[in-house]
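**Q** My file is work.tsv. It has TSV, C-alpha atoms:
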chain	number	residue	atom	x	y	z
S	1	MET	CA	14.36	54.68	41.13
S	2	GLY	CA	14.49	51.49	43.17
S	3	GLU	CA	14.33	47.85	42.07
S	4	THR	CA	13.90	46.87	38.45
S	5	LYS	CA	10.24	46.45	37.53
S	6	LYS	CA	7.92	47.18	34.64
S	7	VAL	CA	7.00	50.68	35.81
S	8	LEU	CA	9.34	52.92	37.80
S	9	THR	CA	8.34	55.96	39.82
S	10	GLU	CA	10.15	58.89	41.38
S	11	LEU	CA	8.71	61.91	43.20
S	12	LYS	CA	10.88	64.98	42.68
S	13	ASN	CA	10.02	68.60	43.52
S	14	GLY	CA	6.29	67.90	43.46
S	15	VAL	CA	6.52	66.02	40.15
S	16	LEU	CA	5.81	62.29	39.89
S	17	ILE	CA	7.95	60.73	37.16
S	18	VAL	CA	6.42	57.52	35.81
S	19	THR	CA	8.71	55.46	33.56
S	20	ILE	CA	7.52	52.52	31.47
S	21	ASN	CA	10.44	50.15	31.95
S	22	ARG	CA	10.19	47.46	29.26
S	23	GLU	CA	12.91	48.57	26.86
S	24	GLU	CA	13.43	45.02	25.61
S	25	ARG	CA	9.78	45.10	24.40
S	26	ARG	CA	9.97	48.70	23.15
S	27	ASN	CA	8.07	49.68	26.32
S	28	ALA	CA	4.97	47.83	25.15
S	29	ILE	CA	2.08	47.56	27.61
S	30	ASP	CA	1.19	44.12	28.95
S	31	PRO	CA	-1.55	43.44	31.54
S	32	GLU	CA	0.79	43.76	34.54
S	33	THR	CA	2.23	47.05	33.26
S	34	SER	CA	-1.25	48.42	32.59
S	35	ALA	CA	-2.45	47.45	36.07
S	36	MET	CA	0.60	49.09	37.63
S	37	MET	CA	-0.02	52.29	35.67
S	38	GLU	CA	-3.65	52.30	36.80
S	39	GLN	CA	-2.68	52.00	40.47
S	40	ILE	CA	0.17	54.53	40.25
S	41	LEU	CA	-2.08	57.16	38.66
S	42	ASN	CA	-4.91	56.42	41.11
S	43	ASP	CA	-2.52	56.95	44.02
S	44	ALA	CA	-1.15	60.14	42.45
S	45	GLU	CA	-4.65	61.60	42.22
S	46	GLN	CA	-4.98	61.27	46.00
S	47	ASN	CA	-1.47	62.38	46.93
S	48	PRO	CA	-1.26	66.10	47.80
S	49	GLU	CA	2.51	66.00	47.32
S	50	VAL	CA	2.03	65.34	43.60
S	51	GLY	CA	1.45	68.56	41.67
S	52	ALA	CA	2.14	67.22	38.18
S	53	ILE	CA	3.01	63.95	36.48
S	54	ILE	CA	5.50	63.03	33.75
S	55	ILE	CA	5.12	59.80	31.79
S	56	THR	CA	8.14	58.58	29.83
S	57	GLY	CA	9.81	55.38	28.68
S	58	THR	CA	13.14	53.70	29.26
S	59	GLY	CA	15.83	54.11	26.60
S	60	ASP	CA	15.81	56.36	23.55
S	61	ARG	CA	14.20	54.15	20.90
S	62	SER	CA	10.61	53.91	22.10
S	63	PHE	CA	8.36	55.91	24.37
S	64	CYS	CA	5.79	53.13	24.04
S	65	SER	CA	4.99	50.75	21.18
S	66	GLY	CA	1.44	50.23	22.40
S	67	GLU	CA	-0.19	46.93	23.25
S	68	ASP	CA	2.13	43.99	23.78
S	69	LEU	CA	0.66	41.68	21.14
S	70	ALA	CA	2.16	38.69	22.92
S	71	ALA	CA	-0.02	39.40	25.95
S	72	TYR	CA	-3.43	38.58	24.47
S	73	ASP	CA	-5.21	35.65	26.10
S	74	GLU	CA	-5.96	32.37	24.30
S	75	ASN	CA	-9.21	33.80	22.95
S	76	GLY	CA	-7.47	36.86	21.51
S	77	THR	CA	-9.01	39.15	24.12
S	78	CYS	CA	-7.30	42.38	25.18
S	79	GLN	CA	-6.19	42.29	28.83
S	80	THR	CA	-4.80	45.80	29.21
S	81	ILE	CA	-7.96	47.90	29.59
S	82	MET	CA	-8.26	49.06	33.19
S	83	ALA	CA	-10.90	51.11	35.01
S	84	HIS	CA	-9.41	54.24	33.44
S	85	GLY	CA	-8.68	52.75	30.05
S	86	PHE	CA	-5.53	51.49	28.36
S	87	ALA	CA	-2.53	51.78	30.69
S	88	GLY	CA	-4.82	53.37	33.25
S	89	ILE	CA	-4.84	56.71	31.42
S	90	THR	CA	-6.76	56.83	28.14
S	91	GLU	CA	-10.16	57.19	29.85
S	92	ARG	CA	-8.91	59.21	32.81
S	93	LEU	CA	-9.75	62.86	33.44
S	94	SER	CA	-6.84	63.43	35.77
S	95	ALA	CA	-6.98	66.21	38.34
S	96	LYS	CA	-3.20	66.38	38.04
S	97	PRO	CA	-1.64	67.75	34.82
S	98	ILE	CA	0.24	65.07	32.90
S	99	ILE	CA	3.20	65.64	30.58
S	100	CYS	CA	4.34	63.05	28.06
S	101	ALA	CA	8.12	63.01	27.70
S	102	ALA	CA	8.32	61.17	24.40
S	103	ASN	CA	11.88	59.84	24.53
S	104	GLY	CA	11.31	57.82	21.36
S	105	THR	CA	8.61	56.45	19.07
S	106	ALA	CA	5.00	56.59	20.26
S	107	VAL	CA	2.98	54.25	18.09
S	108	ALA	CA	-0.50	52.72	18.33
S	109	GLY	CA	-1.46	52.58	22.02
S	110	GLY	CA	1.74	54.47	22.79
S	111	LEU	CA	0.43	57.45	20.86
S	112	GLU	CA	-2.93	57.03	22.58
S	113	ILE	CA	-1.17	57.37	25.94
S	114	ALA	CA	0.60	60.50	24.68
S	115	LEU	CA	-2.67	61.97	23.37
S	116	ALA	CA	-4.24	61.47	26.80
S	117	CYS	CA	-1.56	63.71	28.32
S	118	ASP	CA	-1.94	67.50	28.54
S	119	ILE	CA	1.45	68.40	27.06
S	120	ILE	CA	3.90	66.46	24.88
S	121	VAL	CA	7.65	67.08	24.84
S	122	ALA	CA	9.26	65.08	22.02
S	123	SER	CA	12.78	63.93	21.37
S	124	GLU	CA	13.99	64.95	17.93
S	125	ASN	CA	14.28	61.24	17.07
S	126	ALA	CA	10.70	60.44	18.11
S	127	ARG	CA	8.05	59.33	15.64
S	128	PHE	CA	4.29	59.18	16.05
S	129	GLY	CA	1.51	57.15	14.49
S	130	LEU	CA	-1.56	54.96	14.79
S	131	SER	CA	-0.58	51.73	13.06
S	132	GLU	CA	-3.56	49.60	14.10
S	133	VAL	CA	-4.84	49.18	10.52
S	134	LYS	CA	-1.66	47.29	9.68
S	135	VAL	CA	-2.55	44.49	12.13
S	136	GLY	CA	-6.33	44.48	11.76
S	137	PHE	CA	-7.06	46.44	14.93
S	138	LEU	CA	-8.64	49.82	15.74
S	139	ALA	CA	-7.24	52.72	17.79
S	140	THR	CA	-10.21	52.66	20.15
S	141	SER	CA	-8.35	53.82	23.28
S	142	GLY	CA	-8.84	57.45	22.34
S	143	GLY	CA	-6.68	57.63	19.23
S	144	LEU	CA	-9.50	57.85	16.70
S	145	ILE	CA	-11.30	60.37	18.91
S	146	ARG	CA	-8.52	62.64	20.12
S	147	LEU	CA	-6.23	62.80	17.09
S	148	PRO	CA	-8.69	64.59	14.71
S	149	ASN	CA	-9.53	67.01	17.52
S	150	ILE	CA	-5.87	67.92	18.05
S	151	ILE	CA	-4.48	68.08	14.51
S	152	PRO	CA	-6.18	68.93	11.18
S	153	LYS	CA	-8.67	66.22	10.22
S	154	LYS	CA	-7.15	65.49	6.79
S	155	ILE	CA	-3.72	64.93	8.31
S	156	ALA	CA	-5.26	62.72	11.01
S	157	SER	CA	-7.09	60.77	8.29
S	158	GLU	CA	-3.85	60.13	6.42
S	159	MET	CA	-2.09	58.96	9.57
S	160	VAL	CA	-4.94	56.63	10.54
S	161	LEU	CA	-5.71	55.18	7.11
S	162	THR	CA	-2.11	54.60	6.02
S	163	GLY	CA	-0.75	53.64	9.43
S	164	LYS	CA	2.39	55.62	8.59
S	165	LEU	CA	4.43	57.42	11.22
S	166	ILE	CA	5.37	61.08	11.19
S	167	ASP	CA	8.60	62.45	12.61
S	168	ALA	CA	8.88	64.83	15.55
S	169	GLN	CA	9.28	67.97	13.44
S	170	ARG	CA	6.17	67.16	11.43
S	171	ALA	CA	4.31	66.41	14.66
S	172	TYR	CA	5.28	69.87	15.92
S	173	GLU	CA	4.23	71.53	12.65
S	174	VAL	CA	0.73	70.03	12.80
S	175	GLY	CA	0.26	70.79	16.51
S	176	LEU	CA	0.57	67.27	17.89
S	177	VAL	CA	3.49	68.08	20.22
S	178	ASN	CA	4.45	71.19	22.18
S	179	TYR	CA	8.23	70.96	21.96
S	180	VAL	CA	10.90	69.09	20.00
S	181	VAL	CA	14.28	68.94	21.74
S	182	PRO	CA	17.50	66.90	21.48
S	183	ARG	CA	17.01	63.46	23.00
S	184	GLU	CA	19.22	64.21	25.99
S	185	GLN	CA	17.08	67.25	26.86
S	186	VAL	CA	13.64	65.62	26.84
S	187	MET	CA	13.39	65.03	30.59
S	188	ASP	CA	14.96	68.39	31.41
S	189	LYS	CA	12.32	70.21	29.36
S	190	ALA	CA	9.50	68.07	30.75
S	191	MET	CA	10.71	68.72	34.31
S	192	GLU	CA	11.00	72.45	33.64
S	193	LEU	CA	7.35	72.56	32.58
S	194	ALA	CA	6.17	70.18	35.30
S	195	GLU	CA	7.81	72.17	38.10
S	196	ILE	CA	6.19	75.38	36.84
S	197	ILE	CA	2.81	73.64	36.76
S	198	ALA	CA	3.26	71.97	40.15
S	199	ALA	CA	3.86	75.37	41.75
S	200	ASN	CA	0.39	76.55	40.72
S	201	ALA	CA	-2.86	76.28	42.68
S	202	PRO	CA	-4.11	72.66	42.58
S	203	ILE	CA	-7.82	73.53	42.49
S	204	SER	CA	-7.22	76.00	39.65
S	205	LEU	CA	-5.36	73.32	37.70
S	206	LYS	CA	-8.05	70.71	38.31
S	207	LEU	CA	-10.95	72.97	37.30
S	208	SER	CA	-9.10	74.39	34.28
S	209	LYS	CA	-8.66	70.84	33.01
S	210	GLU	CA	-12.33	70.04	33.66
S	211	ILE	CA	-13.45	73.14	31.76
S	212	PHE	CA	-11.19	72.24	28.82
S	213	HIS	CA	-12.82	68.80	28.77
S	214	VAL	CA	-16.39	70.12	28.98
S	215	ALA	CA	-15.81	72.85	26.39
S	216	THR	CA	-15.05	70.33	23.63
S	217	GLN	CA	-18.32	68.49	24.19
S	218	CYS	CA	-20.99	71.16	24.48
S	219	SER	CA	-22.09	74.57	23.22
S	220	PHE	CA	-20.28	77.76	24.15
S	221	GLU	CA	-23.26	78.77	26.29
S	222	ASP	CA	-23.27	75.52	28.27
S	223	ALA	CA	-19.48	75.69	28.68
S	224	GLN	CA	-19.77	79.26	29.94
S	225	ARG	CA	-22.40	78.21	32.47
S	226	TYR	CA	-20.03	75.53	33.72
S	227	CYS	CA	-17.24	78.13	33.94
S	228	ASN	CA	-19.51	80.34	36.02
S	229	ARG	CA	-20.29	77.49	38.41
S	230	CYS	CA	-16.59	76.75	38.78
S	231	TRP	CA	-15.90	80.41	39.53
S	232	ASP	CA	-18.65	80.50	42.15
S	233	TYR	CA	-16.95	77.54	43.80
S	234	ILE	CA	-13.32	78.59	43.56
S	235	GLU	CA	-13.76	82.16	44.81
S	236	LYS	CA	-14.89	80.71	48.15
S	237	THR	CA	-11.81	78.51	48.61
S	238	GLU	CA	-8.89	79.20	50.93
S	239	ASP	CA	-6.51	79.13	47.97
S	240	ALA	CA	-8.42	81.95	46.27
S	241	VAL	CA	-7.69	84.07	49.34
S	242	GLU	CA	-4.08	82.92	49.67
S	243	GLY	CA	-3.13	83.54	46.02
S	244	PRO	CA	-3.80	87.31	45.84
S	245	LYS	CA	-2.49	87.75	49.39
S	246	ALA	CA	0.82	86.07	48.52
S	247	PHE	CA	1.06	88.11	45.33
S	248	LEU	CA	0.64	91.40	47.20
S	249	GLU	CA	3.10	90.30	49.90
S	250	LYS	CA	5.62	89.25	47.22
S	251	ARG	CA	6.02	85.67	48.50
S	252	LYS	CA	5.26	82.16	47.29
S	253	PRO	CA	1.69	81.05	48.02
S	254	ASP	CA	1.05	78.26	50.50
S	255	TRP	CA	-1.59	76.26	48.67
S	256	LYS	CA	-3.93	74.10	50.74
S	257	GLY	CA	-5.98	72.57	47.95
S	258	ARG	CA	-9.17	73.73	49.58
Take the structure in the file and write it out as structure tokens.
**A**
Amino acid sequence: MGETKKVLTELKNGVLIVTINREERRNAIDPETSAMMEQILNDAEQNPEVGAIIITGTGDRSFCSGEDLAAYDENGTCQTIMAHGFAGITERLSAKPIICAANGTAVAGGLEIALACDIIVASENARFGLSEVKVGFLATSGGLIRLPNIIPKKIASEMVLTGKLIDAQRAYEVGLVNYVVPREQVMDKAMELAEIIAANAPISLKLSKEIFHVATQCSFEDAQRYCNRCWDYIEKTEDAVEGPKAFLEKRKPDWKGR
């Protein structure tokens, strides 16, 4: 993955692997790490060679422990919020599907990063929680918004108000994660999913994600109108011609992203 730095990247089979590389700090996010994540994800959005993204952490103890509390400035001001939110992801509607490979505990801002991803693959030793109430903070980088929309509200309330962590199996039972696998299989499972996704039509992926986002914020009728507009657009693209043609010719499609 190249020289040692706070965030590592590797492009493999159309999948960009982004690794938070601060194991000595439980992969906590400091300002430099957050800025690097922002730039890496910005570049990925514009790179046609990137079909999907995996975010993971170094080691097997922590995926990410959230904000590095030692990184606050002298006035106690947070320095890790970028143009697209905490770690460059929590306020990002990415055109590229993002998978969280939770190699270990995802707590506080670490869980907020995971919640901002489309799919979560968890190590069996991973734990999840929003612990901000224990240090007098708030999970305002999406945690308090996304969590009760992903898992049952009462369970989300217990997690938020107690600050307690739940284990990977419980996270799977309540619908927080998609898969729980042995720790040594986390990246293999994430790559399996990412390669399947990356082989799909990029415009279809982008618009599917946009519709998902819109559908949670408006009426069914308004969401359906947005779906119809997306269909009117996509049926005129080159990829919408190439897809059925490749299917009938029993070959892999050559997506152009247009």
**Q** Using all atoms listed in the file, which of S:Met82, S:Ala114, S:Ala201, S:Val121 sits nearest Val181 (chain S)?
**A**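 Looking only at the distances to Val181 (chain S), the closest residue turns out to be S:Val121.
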**Q** Compile a residue-level contact table for region 150-217 of chain S against region 84-97 of chain S at a cut-off of 9 Å, reporting for every qualifying residue the shortest atom pair and its distance in Å to one decimal, with only C-alpha atoms counted, rows ordered by chain and ascending number, as CSV.
**A**
residue,atom,partner,partner_atom,distance
S:Ala194,CA,S:Pro97,CA,8.2
S:Ile197,CA,S:Pro97,CA,7.6
S:Ala198,CA,S:Pro97,CA,8.4
S:Pro202,CA,S:Lys96,CA,7.8
S:Ile203,CA,S:Ala95,CA,8.5
S:Leu205,CA,S:Lys96,CA,7.3
S:Lys206,CA,S:Ala95,CA,4.6
S:Leu207,CA,S:Ala95,CA,7.9
S:Lys209,CA,S:Ala95,CA,7.3
S:Glu210,CA,S:Leu93,CA,7.6
S:His213,CA,S:Leu93,CA,8.2
**Q** Have a look at CA of Ile113 (chain S) and CA of Cys230 (chain S) and let me know their distance in Å, one decimal.
**A**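 Interatomic distance here is 27.9 Å.
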**Q** Report, in Å to a single decimal, how far apart CA of Glu195 (chain S) and CA of Asn13 (chain S) are.
**A** 6.9 Å
**Q** Find, counting all atoms listed in the file, the residue in S:Thr162, S:Gln185, S:Asn42, S:Asn149 that gets nearest to Glu124 (chain S).
**A** S:Gln185
**Q** Between S:Arg170, S:Arg25, S:Lys252, S:Arg258, which residue has the minimum interatomic distance to Ile234 (chain S), considering only C-alpha atoms?
**A**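 Among the listed residues, the smallest separation from Ile234 (chain S) belongs to S:Arg258.
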**Q** Restricting the calculation to all atoms listed in the file, which member of S:Ser62, S:Thr19, S:Gln46, S:Asn103 is positioned closest to Ser123 (chain S)?
**A**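 Looking at the shortest contact to Ser123 (chain S), the residue is S:Asn103.
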**Q** So, counting only C-alpha atoms, which residue among S:Ala139, S:Leu130, S:Leu11, S:Cys78 is closest to Asn47 (chain S)?
**A** S:Leu11
**Q** I'd like to know which of S:Val174, S:Ile151, S:Val135, S:Val180 is closest to Ala102 (chain S), using all atoms listed in the file.
**A**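 Ranking S:Val174, S:Ile151, S:Val135, S:Val180 by distance to Ala102 (chain S), first place goes to S:Val180.
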**Q** Scan for residues within 10 Å of the point (2.8, 66.0, 37.0) in the coordinates of the file, using only C-alpha atoms, and reply as a CSV table (one decimal) with C-alpha atoms, in the coordinates of the input.
**A**
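out.csv was written with the following content:
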chain,number,residue,atom,x,y,z
S,11,LEU,CA,8.7,61.9,43.2
S,12,LYS,CA,10.9,65.0,42.7
S,14,GLY,CA,6.3,67.9,43.5
S,15,VAL,CA,6.5,66.0,40.2
S,16,LEU,CA,5.8,62.3,39.9
S,17,ILE,CA,8.0,60.7,37.2
S,18,VAL,CA,6.4,57.5,35.8
S,44,ALA,CA,-1.2,60.1,42.4
S,50,VAL,CA,2.0,65.3,43.6
S,51,GLY,CA,1.4,68.6,41.7
S,52,ALA,CA,2.1,67.2,38.2
S,53,ILE,CA,3.0,64.0,36.5
S,54,ILE,CA,5.5,63.0,33.8
S,55,ILE,CA,5.1,59.8,31.8
S,95,ALA,CA,-7.0,66.2,38.3
S,96,LYS,CA,-3.2,66.4,38.0
S,97,PRO,CA,-1.6,67.8,34.8
S,98,ILE,CA,0.2,65.1,32.9
S,99,ILE,CA,3.2,65.6,30.6
S,100,CYS,CA,4.3,63.0,28.1
S,117,CYS,CA,-1.6,63.7,28.3
S,118,ASP,CA,-1.9,67.5,28.5
S,190,ALA,CA,9.5,68.1,30.8
S,191,MET,CA,10.7,68.7,34.3
S,193,LEU,CA,7.4,72.6,32.6
S,194,ALA,CA,6.2,70.2,35.3
S,195,GLU,CA,7.8,72.2,38.1
S,196,ILE,CA,6.2,75.4,36.8
S,197,ILE,CA,2.8,73.6,36.8
S,198,ALA,CA,3.3,72.0,40.2
**Q** Could you tell me how far CA of Glu184 (chain S) lies from CA of Gln169 (chain S), in Å and to one decimal?
**A**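 Interatomic distance here is 16.4 Å.
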**Q** I'd like the contact shell of region 27-38 of chain S - 6 Å cut-off, only C-alpha atoms, skipping same-chain residues fewer than 4 positions apart - returned as a list in words.
**A**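 Listed by chain and then number, they are Lys6, Ile20, Arg22, Glu23, Cys64, Ser65, Gly66, Glu67, Asp68, Ala71, Gln79, Thr80, Ala87 and Gly88 of chain S.
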